[in-house]
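Next up, model-v2.cif (mmCIF, C-alpha atoms and all ligand atoms):
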```cif
data_input
loop_
_atom_site.label_atom_id
_atom_site.label_comp_id
_atom_site.auth_asym_id
_atom_site.auth_seq_id
_atom_site.Cartn_x
_atom_site.Cartn_y
_atom_site.Cartn_z
CA MET A 1 94.82 46.77 -31.11
CA LYS A 2 95.89 44.70 -28.10
CA ASN A 3 96.55 41.01 -28.61
CA ILE A 4 94.43 38.43 -26.83
CA TYR A 5 97.06 37.81 -24.14
CA GLU A 6 97.16 41.49 -23.21
CA GLU A 7 93.37 41.68 -23.19
CA LEU A 8 92.99 38.62 -20.93
CA LEU A 9 95.67 40.03 -18.65
CA GLY A 10 93.41 43.01 -18.05
CA TYR A 11 90.97 40.69 -16.23
CA SER A 12 93.00 37.87 -14.73
CA GLU A 13 96.32 36.22 -14.15
CA VAL A 14 97.16 34.37 -17.37
CA ASP A 15 99.40 31.37 -17.97
CA VAL A 16 100.64 30.87 -21.52
CA ASP A 17 101.18 27.36 -22.88
CA HIS A 18 100.38 25.74 -19.56
CA SER A 19 100.33 21.96 -19.71
CA LEU A 20 96.94 20.23 -19.52
CA ALA A 21 98.81 17.24 -18.11
CA ALA A 22 99.65 19.41 -15.11
CA MET A 23 96.01 20.48 -14.80
CA THR A 24 94.54 16.97 -14.76
CA THR A 25 94.81 14.09 -12.28
CA LEU A 26 95.61 11.69 -15.13
CA ARG A 27 98.70 13.77 -16.02
CA ILE A 28 98.04 13.47 -19.76
CA GLY A 29 97.53 16.29 -22.25
CA GLY A 30 99.10 18.92 -24.50
CA LYS A 31 99.44 22.61 -23.75
CA ALA A 32 96.64 25.16 -23.49
CA SER A 33 97.38 28.49 -25.19
CA TYR A 34 95.93 30.53 -22.31
CA THR A 35 94.82 29.59 -18.81
CA VAL A 36 92.98 32.20 -16.77
CA TYR A 37 92.01 32.38 -13.09
CA PRO A 38 89.31 35.05 -12.73
CA GLU A 39 89.00 36.57 -9.26
CA ASN A 40 85.28 37.30 -9.34
CA GLN A 41 82.10 37.20 -11.43
CA VAL A 42 82.75 40.57 -13.08
CA ALA A 43 86.17 39.44 -14.30
CA LEU A 44 84.74 36.10 -15.44
CA ASP A 45 81.88 37.77 -17.30
CA SER A 46 84.32 40.16 -19.01
CA ILE A 47 86.54 37.26 -20.04
CA MET A 48 83.51 35.46 -21.48
CA ARG A 49 82.55 38.56 -23.50
CA LEU A 50 86.08 38.75 -24.85
CA ILE A 51 86.11 35.05 -25.72
CA LYS A 52 82.79 35.39 -27.54
CA GLU A 53 83.84 38.55 -29.42
CA ARG A 54 86.96 36.77 -30.61
CA ASN A 55 85.13 33.47 -31.16
CA LEU A 56 87.78 31.60 -29.17
CA PRO A 57 87.38 27.99 -28.02
CA TYR A 58 87.26 27.73 -24.23
CA LYS A 59 86.85 25.17 -21.47
CA VAL A 60 86.08 25.58 -17.78
CA ILE A 61 87.85 23.00 -15.72
CA GLY A 62 87.82 22.26 -12.02
CA LYS A 63 90.51 19.90 -10.73
CA GLY A 64 90.64 18.05 -14.07
CA SER A 65 89.87 14.79 -12.26
CA ASP A 66 87.44 13.49 -14.86
CA LEU A 67 89.22 14.38 -18.10
CA LEU A 68 91.20 12.49 -20.71
CA CYS A 69 92.87 15.23 -22.77
CA SER A 70 94.54 14.49 -26.09
CA ASP A 71 98.24 15.12 -26.47
CA ASP A 72 97.46 17.93 -28.93
CA ASP A 73 97.79 21.55 -27.87
CA PHE A 74 94.52 23.35 -27.14
CA ASP A 75 94.39 26.59 -29.08
CA GLY A 76 91.94 28.28 -26.76
CA VAL A 77 91.33 29.49 -23.21
CA VAL A 78 91.12 27.26 -20.15
CA ILE A 79 89.16 28.90 -17.33
CA ARG A 80 90.00 27.74 -13.83
CA LEU A 81 87.81 28.68 -10.90
CA ASP A 82 89.60 26.76 -8.18
CA ARG A 83 92.17 29.51 -7.48
CA HIS A 84 89.71 32.26 -6.48
CA PHE A 85 86.15 30.88 -6.50
CA HIS A 86 86.79 28.67 -3.49
CA HIS A 87 84.82 30.25 -0.67
CA SER A 88 82.00 28.66 1.28
CA TYR A 89 79.52 30.12 3.74
CA PHE A 90 77.66 28.07 6.34
CA ASP A 91 74.26 29.23 7.59
CA ASP A 92 72.72 26.62 9.89
CA CYS A 93 72.26 23.56 7.68
CA VAL A 94 72.73 25.30 4.36
CA VAL A 95 76.15 25.83 2.82
CA SER A 96 76.60 28.21 -0.09
CA ALA A 97 79.77 27.20 -1.90
CA GLN A 98 81.58 28.67 -4.88
CA ALA A 99 82.16 26.39 -7.84
CA GLY A 100 85.91 26.12 -7.35
CA CYS A 101 85.65 24.74 -3.79
CA SER A 102 87.33 21.39 -3.31
CA ILE A 103 84.53 18.98 -2.51
CA ILE A 104 86.84 17.03 -0.18
CA LEU A 105 87.67 20.16 1.85
CA LEU A 106 83.98 21.08 1.97
CA ALA A 107 83.12 17.59 3.27
CA VAL A 108 85.72 17.98 6.03
CA GLU A 109 84.43 21.45 6.95
CA ALA A 110 80.87 20.14 7.12
CA MET A 111 82.00 17.25 9.32
CA LYS A 112 83.71 19.67 11.75
CA ARG A 113 80.46 21.61 12.02
CA GLY A 114 78.41 18.45 12.67
CA LEU A 115 76.67 18.53 9.29
CA SER A 116 75.98 15.31 7.44
CA GLY A 117 75.36 14.74 3.72
CA LEU A 118 78.76 15.22 2.11
CA GLU A 119 80.40 12.08 3.52
CA PHE A 120 80.08 10.30 0.16
CA ALA A 121 82.17 13.05 -1.45
CA SER A 122 85.09 12.93 0.95
CA GLY A 123 87.21 10.89 -1.50
CA ILE A 124 86.20 12.61 -4.75
CA PRO A 125 89.09 14.86 -5.83
CA GLY A 126 87.04 17.42 -7.76
CA THR A 127 85.44 20.82 -7.32
CA ILE A 128 81.82 21.66 -6.59
CA GLY A 129 81.39 22.78 -10.23
CA GLY A 130 82.78 19.54 -11.65
CA ALA A 131 80.81 17.44 -9.17
CA ILE A 132 77.54 19.14 -10.15
CA PHE A 133 78.32 18.84 -13.87
CA MET A 134 78.93 15.08 -13.45
CA ASN A 135 76.41 14.56 -10.65
CA ALA A 136 79.33 12.89 -8.90
CA GLY A 137 78.50 10.25 -6.37
CA ALA A 138 79.55 7.22 -4.39
CA TYR A 139 78.04 4.75 -1.94
CA LYS A 140 74.56 5.23 -3.40
CA SER A 141 74.59 9.00 -2.78
CA SER A 142 75.23 11.78 -5.25
CA MET A 143 75.33 15.56 -5.50
CA SER A 144 71.70 15.75 -6.55
CA ASP A 145 70.65 14.33 -3.13
CA ILE A 146 71.92 17.40 -1.29
CA LEU A 147 71.62 20.26 -3.78
CA ASP A 148 69.00 22.97 -3.39
CA GLU A 149 70.04 25.35 -6.16
CA VAL A 150 72.87 26.01 -8.60
CA LEU A 151 74.14 29.48 -9.54
CA VAL A 152 74.85 29.63 -13.26
CA LEU A 153 76.23 32.12 -15.78
CA ARG A 154 74.33 31.49 -18.99
CA ASP A 155 73.69 33.68 -22.00
CA GLY A 156 75.33 36.60 -20.20
CA THR A 157 73.05 36.45 -17.15
CA ILE A 158 73.57 35.00 -13.71
CA GLU A 159 70.71 33.06 -12.18
CA TRP A 160 69.83 30.40 -9.63
CA ILE A 161 68.44 27.17 -11.05
CA LYS A 162 66.48 24.85 -8.75
CA ALA A 163 67.95 21.36 -8.37
CA GLU A 164 64.72 19.84 -9.77
CA GLU A 165 65.38 21.69 -13.04
CA CYS A 166 68.92 20.33 -13.40
CA GLU A 167 67.79 17.00 -14.92
CA PHE A 168 70.08 14.99 -12.67
CA GLY A 169 70.53 11.30 -13.40
CA TYR A 170 73.28 8.73 -12.92
CA ARG A 171 76.46 10.80 -13.55
CA SER A 172 74.46 13.16 -15.73
CA SER A 173 72.96 16.64 -15.54
CA ILE A 174 71.51 19.37 -17.72
CA PHE A 175 74.96 21.00 -17.70
CA GLN A 176 76.33 18.25 -19.95
CA LYS A 177 73.80 19.36 -22.58
CA HIS A 178 74.91 22.98 -22.17
CA PRO A 179 78.70 23.02 -21.94
CA GLU A 180 78.63 26.79 -22.56
CA TRP A 181 76.96 27.41 -19.17
CA ILE A 182 79.30 28.10 -16.28
CA ILE A 183 78.44 26.90 -12.78
CA LEU A 184 79.40 29.62 -10.29
CA GLY A 185 78.23 28.07 -7.05
CA ALA A 186 75.58 26.09 -5.26
CA ARG A 187 73.41 25.96 -2.19
CA ILE A 188 73.68 22.60 -0.47
CA ARG A 189 71.38 21.37 2.30
CA LEU A 190 72.91 19.23 5.04
CA THR A 191 71.56 17.55 8.18
CA PRO A 192 72.80 17.91 11.77
CA LYS A 193 74.63 14.85 13.08
CA ASP A 194 77.35 14.07 15.61
CA SER A 195 80.77 15.06 14.18
CA ARG A 196 82.38 11.91 15.55
CA GLN A 197 79.90 9.68 13.70
CA ILE A 198 80.46 11.61 10.47
CA SER A 199 84.24 11.43 10.77
CA ASP A 200 84.13 7.69 11.57
CA LEU A 201 82.11 7.08 8.39
CA MET A 202 84.50 9.20 6.33
CA GLU A 203 87.49 7.36 7.77
CA ASP A 204 85.89 4.00 7.05
CA ARG A 205 85.33 5.01 3.45
CA ARG A 206 88.82 6.40 3.12
CA LYS A 207 90.19 3.02 4.16
CA ARG A 208 87.89 1.26 1.67
CA ARG A 209 89.13 3.49 -1.15
CA MET A 210 92.77 2.99 -0.14
CA ALA A 211 92.23 -0.77 -0.14
CA SER A 212 90.32 -0.98 -3.42
CA GLN A 213 91.57 1.85 -5.67
CA PRO A 214 95.02 2.49 -7.22
CA LEU A 215 95.47 5.86 -5.53
CA ASP A 216 99.26 5.74 -5.92
CA TYR A 217 99.06 6.29 -9.71
CA PRO A 218 97.55 9.10 -11.80
CA THR A 219 94.00 8.19 -12.87
CA CYS A 220 90.70 9.87 -13.67
CA GLY A 221 88.70 7.66 -11.32
CA SER A 222 86.31 5.13 -12.83
CA VAL A 223 86.76 5.05 -16.60
CA PHE A 224 83.36 3.49 -17.43
CA ARG A 225 79.86 4.00 -16.11
CA ASN A 226 78.31 0.92 -14.56
CA PRO A 227 75.71 -0.48 -16.97
CA GLU A 228 72.27 -0.96 -15.38
CA GLY A 229 72.51 -3.72 -12.74
CA MET A 230 76.15 -4.56 -13.54
CA ASN A 231 79.62 -3.55 -12.45
CA ALA A 232 81.92 -2.33 -15.22
CA TRP A 233 84.94 -3.77 -13.40
CA GLN A 234 83.51 -7.29 -13.51
CA LEU A 235 82.97 -7.08 -17.27
CA ILE A 236 86.55 -5.84 -17.75
CA ASP A 237 87.84 -8.62 -15.50
CA GLY A 238 85.72 -11.06 -17.53
CA ILE A 239 87.52 -10.22 -20.78
CA GLY A 240 90.87 -10.82 -19.10
CA TYR A 241 91.96 -7.17 -19.14
CA ARG A 242 93.05 -6.87 -15.51
CA GLY A 243 96.64 -5.61 -15.78
CA LYS A 244 96.38 -5.13 -19.58
CA ARG A 245 98.90 -2.54 -20.73
CA ILE A 246 99.39 -0.43 -23.86
CA GLY A 247 102.51 1.70 -23.54
CA ASP A 248 102.29 3.33 -20.12
CA ALA A 249 98.48 3.08 -19.90
CA MET A 250 97.50 0.10 -17.79
CA VAL A 251 94.28 -1.38 -16.43
CA SER A 252 94.78 -1.42 -12.67
CA GLU A 253 95.46 -4.82 -11.10
CA LYS A 254 93.69 -3.50 -8.00
CA HIS A 255 90.50 -2.19 -9.65
CA CYS A 256 89.73 -3.02 -13.29
CA ASN A 257 87.61 0.09 -13.85
CA PHE A 258 90.66 2.30 -13.27
CA ILE A 259 93.24 2.79 -16.02
CA CYS A 260 96.48 4.17 -14.62
CA ASN A 261 99.16 6.34 -16.13
CA MET A 262 102.20 4.26 -15.18
CA GLY A 263 104.67 7.02 -16.06
CA ASN A 264 104.46 8.70 -19.41
CA ALA A 265 101.24 7.39 -20.92
CA LYS A 266 100.31 8.74 -24.33
CA ALA A 267 96.71 9.86 -24.72
CA GLN A 268 96.37 7.66 -27.84
CA ASP A 269 97.52 4.56 -25.94
CA TYR A 270 95.07 5.31 -23.15
CA LEU A 271 92.19 5.75 -25.57
CA GLN A 272 93.13 2.65 -27.52
CA LEU A 273 92.89 0.63 -24.31
CA VAL A 274 89.48 2.18 -23.63
CA HIS A 275 88.28 1.26 -27.14
CA GLU A 276 89.62 -2.28 -26.94
CA ILE A 277 87.77 -2.82 -23.66
CA GLN A 278 84.52 -1.47 -25.15
CA GLN A 279 84.88 -3.72 -28.19
CA LYS A 280 85.76 -6.89 -26.29
CA VAL A 281 83.07 -6.38 -23.64
CA PHE A 282 80.53 -5.91 -26.41
CA GLU A 283 81.72 -9.04 -28.25
CA LYS A 284 81.62 -11.19 -25.11
CA TYR A 285 78.60 -9.79 -23.24
CA GLY A 286 76.68 -7.73 -25.79
CA VAL A 287 76.94 -4.80 -23.37
CA GLU A 288 77.95 -1.28 -24.45
CA LEU A 289 80.28 0.34 -21.96
CA HIS A 290 80.09 4.13 -21.88
CA THR A 291 82.88 6.25 -20.47
CA GLU A 292 82.38 8.13 -17.24
CA MET A 293 85.44 10.32 -17.83
CA GLU A 294 85.19 12.96 -20.53
CA LEU A 295 87.33 13.28 -23.63
CA PHE A 296 88.63 16.80 -24.13
CA ASN A 297 90.42 18.36 -27.11
CA TRP A 298 90.33 15.34 -29.41
CA LYS A 299 90.37 16.49 -33.04
CA GLN A 300 90.43 12.96 -34.29
CA ILE A 301 89.53 9.82 -32.40
CA VAL A 302 91.79 6.80 -32.99
C1 LIG A 401 91.04 8.92 -7.63
C2 LIG A 401 89.70 9.41 -8.16
C3 LIG A 401 88.54 8.98 -7.56
C4 LIG A 401 87.29 9.39 -8.06
N1 LIG A 401 86.16 8.96 -7.44
C5 LIG A 401 84.96 9.37 -7.91
C6 LIG A 401 83.75 8.92 -7.28
O1 LIG A 401 83.76 8.18 -6.29
N2 LIG A 401 82.58 9.35 -7.79
C7 LIG A 401 82.51 10.18 -8.87
O2 LIG A 401 81.41 10.54 -9.30
N3 LIG A 401 83.63 10.62 -9.48
C8 LIG A 401 84.85 10.24 -9.03
N4 LIG A 401 85.99 10.68 -9.65
C9 LIG A 401 85.89 11.53 -10.86
C10 LIG A 401 85.92 13.05 -10.59
O3 LIG A 401 86.67 13.34 -9.43
C11 LIG A 401 84.52 13.64 -10.43
O4 LIG A 401 83.73 13.45 -11.59
C12 LIG A 401 84.57 15.16 -10.11
O5 LIG A 401 83.28 15.58 -9.82
C13 LIG A 401 85.11 16.01 -11.27
O6 LIG A 401 85.33 17.30 -10.77
P1 LIG A 401 86.45 18.28 -11.36
O7 LIG A 401 86.35 19.56 -10.67
O8 LIG A 401 87.78 17.63 -11.33
O9 LIG A 401 85.93 18.40 -12.86
P2 LIG A 401 86.81 18.43 -14.18
O10 LIG A 401 87.39 17.07 -14.42
O11 LIG A 401 87.74 19.57 -14.15
O12 LIG A 401 85.69 18.71 -15.26
C14 LIG A 401 84.70 17.73 -15.53
C15 LIG A 401 83.61 18.39 -16.38
O13 LIG A 401 82.94 19.36 -15.58
C16 LIG A 401 82.95 20.60 -16.25
N5 LIG A 401 83.04 21.66 -15.25
C17 LIG A 401 83.91 21.74 -14.21
N6 LIG A 401 83.67 22.86 -13.50
C18 LIG A 401 82.65 23.50 -14.11
C19 LIG A 401 81.97 24.72 -13.87
N7 LIG A 401 82.28 25.52 -12.85
N8 LIG A 401 80.97 25.08 -14.72
C20 LIG A 401 80.64 24.30 -15.77
N9 LIG A 401 81.26 23.13 -16.04
C21 LIG A 401 82.25 22.74 -15.23
C22 LIG A 401 84.18 20.59 -17.15
O14 LIG A 401 84.05 21.49 -18.23
C23 LIG A 401 84.17 19.14 -17.60
O15 LIG A 401 83.28 19.00 -18.68
C24 LIG A 401 87.24 10.28 -9.17
C25 LIG A 401 88.42 10.72 -9.77
C26 LIG A 401 89.64 10.30 -9.28
C27 LIG A 401 90.92 10.78 -9.93
#
```
Can you give me the file's structure in the form of C-alpha cells?
Amino acid sequence: MKNIYEELLGYSEVDVDHSLAAMTTLRIGGKASYTVYPENQVALDSIMRLIKERNLPYKVIGKGSDLLCSDDDFDGVVIRLDRHFHHSYFDDCVVSAQAGCSIILLAVEAMKRGLSGLEFASGIPGTIGGAIFMNAGAYKSSMSDILDEVLVLRDGTIEWIKAEECEFGYRSSIFQKHPEWIILGARIRLTPKDSRQISDLMEDRRKRRMASQPLDYPTCGSVFRNPEGMNAWQLIDGIGYRGKRIGDAMVSEKHCNFICNMGNAKAQDYLQLVHEIQQKVFEKYGVELHTEMELFNWKQIV
C-alpha cells in the first residue's frame, strides 16, 4: 500500500515538513507534515476523500494573515489554495473570484476596471477565502456588503450559498461554525465609479495604514476584536501595555492592538502577552477582550 505522501503526490505538489512560520504573516509556527496545493476542484475533492479515509487532521489556509500557530509541529495536511485557485472573471459589475485570490490584487483589478466596493480591502493581506471566513473589513465596510454568493465544498458536494445564508456578523460567518467546509470561490457585486476616484481613496487609506500600523514587522493584524462601542487599542493603552514585551513578542508602540514579532518570537510568549492583556483589561475595565486572530494547532494553552 502506498504511504500518504505518495498518495497525496498523485493529486498535487506536496511539501513535507514545511514551516508554518513561513506560511503565516506573523512568522511563528512549527512544521506541517504535508502541505498541498491542489490545481483544481477534482484534485481538491480527491485529496479530501483521502484525508477522510485516513482520518487525518487538515487545515485550509489562505495567506495565513490571521493565524497564531503554536511552535508545535502539525501532524496533518495543510491545504493551500493561493497557488492555483487564484483566477478571477469580471462580467460587468460582477466578479467571480476563486478562493485563493489575493484580495489586495482583486481590489486593484477592480479599480482599474472602474468598479467600486473593494476599496476597503486594498490593505488586507489575505485571500478571498480567508476574508469570507472572517468577514474581513475596514472603514465600516466588510466582505458581506459586496458578496452575492459563496461557492463551497461541503459534505462532498459543491454548491453556491447565498450571502444572506452565511450568517455574517462583525468578523464572523457561518464558516467559523463549520471549519470542515471549504470555500472555493465567490461572486462579488461591485458598482461602476471613476477609476481615479477609487485609486485616490485607496491611496489615502494606504497612507493612513502606513502612518498608523506597524507594517515593518510581522503581525497578524488586529489581535483583538473591538468590544461594542469601544476600541481595543484604547483599552490596551489604558493598562499601560503600549510597548510591553515578552521575549520577542511586543505590543506595537505605533498601534496597541498589534502585537509584533520583533525577530524570533516564541508562540508561547506571544500568547502569554495576549492573555495578560485580556486579564488586565478585565480587571481594570470589566471588559472581556476576544481575539480577532485565530489560534491554530495549540494542543495545550498556556
Ligand atoms: C498587516 C495586516 C493588516 C490586516 N488588516 C485587516 C483589516 O483591516 N481587516 C480585517 O478584517 N483583517 C485584517 N487583517 C487580518 C487578515 O488579513 C484577514 O482576516 C484576512 O481575511 C485573512 O485571510 P487569509 O487568507 O490570510 O486567511 P488565513 O489567515 O489563512 O485563515 C484564516 C481562517 O480562514 C480559514 N480559511 C482560509 N481560506 C479558507 C477557505 N478557502 N475555505 C475555508 N476556510 C478558509 C482558515 O482555515 C482560517 O480558519 C490584517 C492582517 C495583517 C497581517
**Request:** Compile the contact shell of A:Ile277 as a ChimeraX atom specification: residues with an atom at most 9 Å away, counting all atoms listed in the file, same-chain residues fewer than 3 positions apart removed.
**Result:** /A:236,239,241,272-274,280-282,289
**Asked** Which of these residues is nearest to A:Lys284, using all atoms listed in the file: A:Gly100, A:Pro38, A:Gly263, A:Gly238?
**Response** A:Gly238
Contact table stretch 62-101 of chain A vs stretch 204-218 of chain A, cut-off 12 Å, shortest pair per residue, only C-alpha atoms, as a tab-separated table:
```
residue	atom	partner	partner_atom	distance
A:Gly64	CA	A:Pro218	CA	11.5
A:Ser65	CA	A:Pro218	CA	9.6
A:Asp66	CA	A:Pro218	CA	11.4
A:Leu67	CA	A:Pro218	CA	11.7
A:Leu68	CA	A:Pro218	CA	11.5
```
**Message:** Please report the interatomic distance between atom P2 of ligand LIG 401 (chain A) and atom CA of A:Phe85 in Å with one decimal.
**Reply:** 14.6 Å
**Request:** Could you tell me, counting all atoms listed in the file, which protein and nucleic acid residues lie no more than 6 Å from ligand LIG 401 (chain A), written as a ChimeraX atom specification?
**Result:** /A:25,59-67,99,124-127,129-131,133-134,136-138,181-184,215,219-221
**Message:** Using all atoms listed in the file and a cutoff of 10 Å, can you tell me which residues are near (84.9, 23.2, -28.5) in the file's coordinates, and write them out as a ChimeraX atom specification?
**Reply:** /A:56-59,74,76,179-180,296-299
Write the selection just made, keeping C-alpha atoms, as a PDB file, in the frame of the given file?
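And here is the file that came out, result-v7.pdb:
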```
ATOM      1  CA  LEU A  56      87.780  31.600 -29.170  1.00  0.00           C
ATOM      2  CA  PRO A  57      87.380  27.990 -28.020  1.00  0.00           C
ATOM      3  CA  TYR A  58      87.260  27.730 -24.230  1.00  0.00           C
ATOM      4  CA  LYS A  59      86.850  25.170 -21.470  1.00  0.00           C
ATOM      5  CA  PHE A  74      94.520  23.350 -27.140  1.00  0.00           C
ATOM      6  CA  GLY A  76      91.940  28.280 -26.760  1.00  0.00           C
ATOM      7  CA  PRO A 179      78.700  23.020 -21.940  1.00  0.00           C
ATOM      8  CA  GLU A 180      78.630  26.790 -22.560  1.00  0.00           C
ATOM      9  CA  PHE A 296      88.630  16.800 -24.130  1.00  0.00           C
ATOM     10  CA  ASN A 297      90.420  18.360 -27.110  1.00  0.00           C
ATOM     11  CA  TRP A 298      90.330  15.340 -29.410  1.00  0.00           C
ATOM     12  CA  LYS A 299      90.370  16.490 -33.040  1.00  0.00           C
TER      13      LYS A 299
END
```
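Taking atom CA of A:Glu276 as the reference point, atom CA of A:Met262 is found at 18.4 Å.
The residue that comes closest to A:Met202, out of A:Ser33, A:Ser122, A:Ser46, A:Thr24 and on the basis of all atoms listed in the file, is A:Ser122.
Between atom CA of A:Leu20 and atom CA of A:Val251 the separation is 22.0 Å.
Using all atoms listed in the file, the shortest contact distance between A:Ile259 and any of A:Val14, A:Val42, A:Met293, A:Leu151 is found at A:Met293.
Of the residues listed (A:Leu81, A:Leu26, A:Ile188, A:Val36), A:Ile188 shows the shortest atom-to-atom separation from A:Leu106; distances use only C-alpha atoms.
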**Complete:** Min atom-atom distance to A:Ser88 from the set A:Ile161, A:Ala186, A:Lys31, A:Asp75, counting all atoms listed in the file, belongs to A:Ala186
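Closest approach to A:Asn226 among A:Val287, A:Val78, A:Ile104, A:Ala265: A:Val287, based on all atoms listed in the file.
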